[in-house]
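Trainee: Sharing protein01.cif (mmCIF, C-alpha atoms and all ligand atoms; chains and numbers go by the auth columns) below.
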data_model
#
loop_
_atom_site.group_PDB
_atom_site.id
_atom_site.type_symbol
_atom_site.label_atom_id
_atom_site.label_comp_id
_atom_site.label_asym_id
_atom_site.label_seq_id
_atom_site.Cartn_x
_atom_site.Cartn_y
_atom_site.Cartn_z
_atom_site.B_iso_or_equiv
_atom_site.auth_seq_id
_atom_site.auth_asym_id
ATOM 1 C CA MET A 1 -9.521 14.477 -9.888 0.00 1209 A
ATOM 2 C CA ALA A 2 -9.585 17.462 -12.140 0.00 1210 A
ATOM 3 C CA GLY A 3 -7.229 16.030 -14.749 0.00 1211 A
ATOM 4 C CA ILE A 4 -9.137 12.843 -15.361 0.00 1212 A
ATOM 5 C CA ARG A 5 -11.936 12.649 -17.889 0.00 1213 A
ATOM 6 C CA ILE A 6 -13.850 9.592 -18.830 0.00 1214 A
ATOM 7 C CA ARG A 7 -12.795 8.305 -22.188 0.00 1215 A
ATOM 8 C CA CYS A 8 -12.656 4.644 -23.021 0.00 1216 A
ATOM 9 C CA ARG A 9 -11.625 1.969 -20.566 0.00 1217 A
ATOM 10 C CA ALA A 10 -8.113 1.567 -21.911 0.00 1218 A
ATOM 11 C CA HIS A 11 -7.436 5.284 -21.737 0.00 1219 A
ATOM 12 C CA ASN A 12 -8.869 5.497 -18.239 0.00 1220 A
ATOM 13 C CA GLN A 13 -6.543 2.750 -17.071 0.00 1221 A
ATOM 14 C CA PHE A 14 -3.616 4.361 -18.823 0.00 1222 A
ATOM 15 C CA GLU A 15 -4.396 7.686 -17.185 0.00 1223 A
ATOM 16 C CA ALA A 16 -4.843 6.061 -13.791 0.00 1224 A
ATOM 17 C CA GLU A 17 -1.466 4.358 -14.054 0.00 1225 A
ATOM 18 C CA ARG A 18 0.127 7.687 -14.926 0.00 1226 A
ATOM 19 C CA VAL A 19 -1.579 9.492 -12.073 0.00 1227 A
ATOM 20 C CA PHE A 20 -1.427 6.904 -9.305 0.00 1228 A
ATOM 21 C CA GLY A 21 1.589 4.932 -10.475 0.00 1229 A
ATOM 22 C CA ALA A 22 1.791 1.493 -12.050 0.00 1230 A
ATOM 23 C CA GLY A 23 2.516 -0.160 -8.692 0.00 1231 A
ATOM 24 C CA PHE A 24 -0.688 1.151 -7.180 0.00 1232 A
ATOM 25 C CA MET A 25 -2.760 -0.089 -10.082 0.00 1233 A
ATOM 26 C CA GLU A 26 -1.007 -3.441 -10.039 0.00 1234 A
ATOM 27 C CA GLU A 27 -1.857 -3.818 -6.365 0.00 1235 A
ATOM 28 C CA LYS A 28 -5.475 -3.035 -7.144 0.00 1236 A
ATOM 29 C CA ARG A 29 -5.511 -5.627 -9.910 0.00 1237 A
ATOM 30 C CA GLU A 30 -3.984 -8.258 -7.654 0.00 1238 A
ATOM 31 C CA ALA A 31 -6.450 -7.476 -4.883 0.00 1239 A
ATOM 32 C CA ALA A 32 -9.320 -7.842 -7.350 0.00 1240 A
ATOM 33 C CA GLN A 33 -7.959 -11.165 -8.572 0.00 1241 A
ATOM 34 C CA ARG A 34 -7.596 -12.389 -4.993 0.00 1242 A
ATOM 35 C CA ALA A 35 -11.156 -11.369 -4.218 0.00 1243 A
ATOM 36 C CA ALA A 36 -12.418 -13.096 -7.362 0.00 1244 A
ATOM 37 C CA ALA A 37 -10.502 -16.257 -6.482 0.00 1245 A
ATOM 38 C CA GLU A 38 -11.941 -16.260 -2.992 0.00 1246 A
ATOM 39 C CA ARG A 39 -15.431 -15.740 -4.394 0.00 1247 A
ATOM 40 C CA GLY A 40 -14.841 -18.553 -6.876 0.00 1248 A
ATOM 41 C CA ALA A 41 -13.707 -20.905 -4.110 0.00 1249 A
ATOM 42 C CA GLY A 42 -16.839 -20.133 -2.132 0.00 1250 A
ATOM 43 C CA THR A 43 -19.205 -20.644 -5.046 0.00 1251 A
ATOM 44 C CA VAL A 44 -19.767 -24.335 -4.441 0.00 1252 A
ATOM 45 C CA ALA A 45 -22.532 -24.378 -1.894 0.00 1253 A
HETATM 46 ZN ZN ZN B . -9.511 5.524 -25.586 0.00 1301 A
#
If you took the structure in this file and wrote it as structure tokens, what would it be?
Ligand SMILES: [Zn+2]
Mentor:
Amino acid sequence: MAGIRIRCRAHNQFEAERVFGAGFMEEKREAAQRAAAERGAGTVA
């Protein structure tokens, strides 16, 4: 991605939402939350 440079986290996310679209980033966030929830559920051994 030529237009993206690493700045701080907030700017990176802002740039990503502009480039990929807010819906795409929201899906990624939800997927990450799902994965975390599944990991959390499986933590009790
Ligand atoms: Zn910044």
Trainee: For a test of reading the model, state the distance in Å between atom CA of Lys1236 of chain A and atom CA of Gln1221 of chain A, rounded to one decimal.
Mentor: 11.5 Å
Trainee: Quick one: apply the PyMOL selection byres (((not hetatm)) within 7 of (chain A and resi 1301)) to the file and drop the selected residues here as a list of chain:residue names.
Mentor: A:Arg1215, A:Cys1216, A:Arg1217, A:Ala1218, A:His1219
Trainee: Would you compute the distance between atom CA of Glu1246 of chain A and atom CA of Phe1228 of chain A? Give it in Å to one decimal.
Mentor: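 Between atom CA of Glu1246 of chain A and atom CA of Phe1228 of chain A the gap works out to 26.2 Å.
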Trainee: Rounded to one decimal place, report the atom CA of Gly1248 of chain A-atom CA of Phe1222 of chain A distance in Å.
Mentor: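 Straight-line distance from atom CA of Gly1248 of chain A to atom CA of Phe1222 of chain A works out to 28.2 Å.
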Trainee: Please determine an axis-aligned box that encloses all atoms of segment 1239-1250 of chain A listed in the file, with 3 Å added on each side, and express its centre and edge lengths in Å to one decimal as JSON.
Mentor:
{"center_x": -11.6, "center_y": -14.2, "center_z": -5.4, "size_x": 16.4, "size_y": 19.4, "size_z": 12.4}
Trainee: Taking the partial coordinates given, rebuild segment 1222-1253 of chain A to contain N, CA and C atoms; return it as a compact mmCIF listing (two decimals), in the frame of the given file.
Mentor:
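File written: selection.txt
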# COMPACT_ATOMS: atom_id res chain seq x y z
N PHE A 1222 -4.90 3.74 -18.51
CA PHE A 1222 -3.62 4.36 -18.82
C PHE A 1222 -3.44 5.63 -18.01
N GLU A 1223 -4.46 6.44 -17.96
CA GLU A 1223 -4.40 7.69 -17.18
C GLU A 1223 -4.20 7.40 -15.70
N ALA A 1224 -4.93 6.40 -15.21
CA ALA A 1224 -4.84 6.06 -13.79
C ALA A 1224 -3.43 5.60 -13.44
N GLU A 1225 -2.81 4.83 -14.33
CA GLU A 1225 -1.47 4.36 -14.05
C GLU A 1225 -0.50 5.52 -14.05
N ARG A 1226 -0.74 6.50 -14.91
CA ARG A 1226 0.13 7.69 -14.93
C ARG A 1226 -0.05 8.49 -13.65
N VAL A 1227 -1.29 8.62 -13.20
CA VAL A 1227 -1.58 9.49 -12.07
C VAL A 1227 -1.20 8.83 -10.76
N PHE A 1228 -1.63 7.58 -10.60
CA PHE A 1228 -1.43 6.90 -9.30
C PHE A 1228 -0.14 6.10 -9.27
N GLY A 1229 0.39 5.76 -10.43
CA GLY A 1229 1.59 4.93 -10.48
C GLY A 1229 1.23 3.50 -10.81
N ALA A 1230 2.08 2.85 -11.59
CA ALA A 1230 1.79 1.49 -12.05
C ALA A 1230 1.70 0.53 -10.88
N GLY A 1231 2.51 0.74 -9.84
CA GLY A 1231 2.52 -0.16 -8.69
C GLY A 1231 1.18 -0.16 -7.98
N PHE A 1232 0.61 1.03 -7.84
CA PHE A 1232 -0.69 1.15 -7.18
C PHE A 1232 -1.75 0.40 -7.96
N MET A 1233 -1.75 0.57 -9.26
CA MET A 1233 -2.76 -0.09 -10.08
C MET A 1233 -2.55 -1.59 -10.08
N GLU A 1234 -1.29 -2.01 -10.05
CA GLU A 1234 -1.01 -3.44 -10.04
C GLU A 1234 -1.53 -4.05 -8.75
N GLU A 1235 -1.34 -3.33 -7.64
CA GLU A 1235 -1.86 -3.82 -6.36
C GLU A 1235 -3.37 -3.96 -6.42
N LYS A 1236 -4.02 -2.98 -7.03
CA LYS A 1236 -5.48 -3.04 -7.14
C LYS A 1236 -5.90 -4.24 -7.97
N ARG A 1237 -5.18 -4.48 -9.06
CA ARG A 1237 -5.51 -5.63 -9.91
C ARG A 1237 -5.35 -6.93 -9.14
N GLU A 1238 -4.24 -7.03 -8.40
CA GLU A 1238 -3.98 -8.26 -7.65
C GLU A 1238 -5.04 -8.46 -6.57
N ALA A 1239 -5.42 -7.38 -5.92
CA ALA A 1239 -6.45 -7.48 -4.88
C ALA A 1239 -7.76 -7.95 -5.49
N ALA A 1240 -8.08 -7.45 -6.69
CA ALA A 1240 -9.32 -7.84 -7.35
C ALA A 1240 -9.27 -9.31 -7.73
N GLN A 1241 -8.10 -9.76 -8.20
CA GLN A 1241 -7.96 -11.16 -8.57
C GLN A 1241 -8.09 -12.05 -7.35
N ARG A 1242 -7.48 -11.62 -6.24
CA ARG A 1242 -7.60 -12.39 -4.99
C ARG A 1242 -9.05 -12.50 -4.57
N ALA A 1243 -9.75 -11.39 -4.63
CA ALA A 1243 -11.16 -11.37 -4.22
C ALA A 1243 -11.98 -12.28 -5.12
N ALA A 1244 -11.69 -12.25 -6.42
CA ALA A 1244 -12.42 -13.10 -7.36
C ALA A 1244 -12.14 -14.56 -7.08
N ALA A 1245 -10.88 -14.87 -6.76
CA ALA A 1245 -10.50 -16.26 -6.48
C ALA A 1245 -11.21 -16.75 -5.23
N GLU A 1246 -11.27 -15.87 -4.24
CA GLU A 1246 -11.94 -16.26 -2.99
C GLU A 1246 -13.44 -16.46 -3.24
N ARG A 1247 -14.01 -15.59 -4.05
CA ARG A 1247 -15.43 -15.74 -4.39
C ARG A 1247 -15.65 -17.04 -5.13
N GLY A 1248 -14.73 -17.33 -6.08
CA GLY A 1248 -14.84 -18.55 -6.88
C GLY A 1248 -14.77 -19.79 -6.00
N ALA A 1249 -13.87 -19.76 -4.99
CA ALA A 1249 -13.71 -20.90 -4.11
C ALA A 1249 -14.96 -21.12 -3.27
N GLY A 1250 -15.67 -20.02 -2.99
CA GLY A 1250 -16.84 -20.13 -2.13
C GLY A 1250 -18.12 -20.37 -2.90
N THR A 1251 -17.99 -20.54 -4.23
CA THR A 1251 -19.20 -20.64 -5.05
C THR A 1251 -19.93 -21.97 -4.85
N VAL A 1252 -19.16 -23.02 -4.62
CA VAL A 1252 -19.77 -24.34 -4.44
C VAL A 1252 -20.46 -24.39 -3.10
N ALA A 1253 -21.78 -24.46 -3.15
CA ALA A 1253 -22.53 -24.38 -1.89
C ALA A 1253 -22.68 -25.76 -1.31
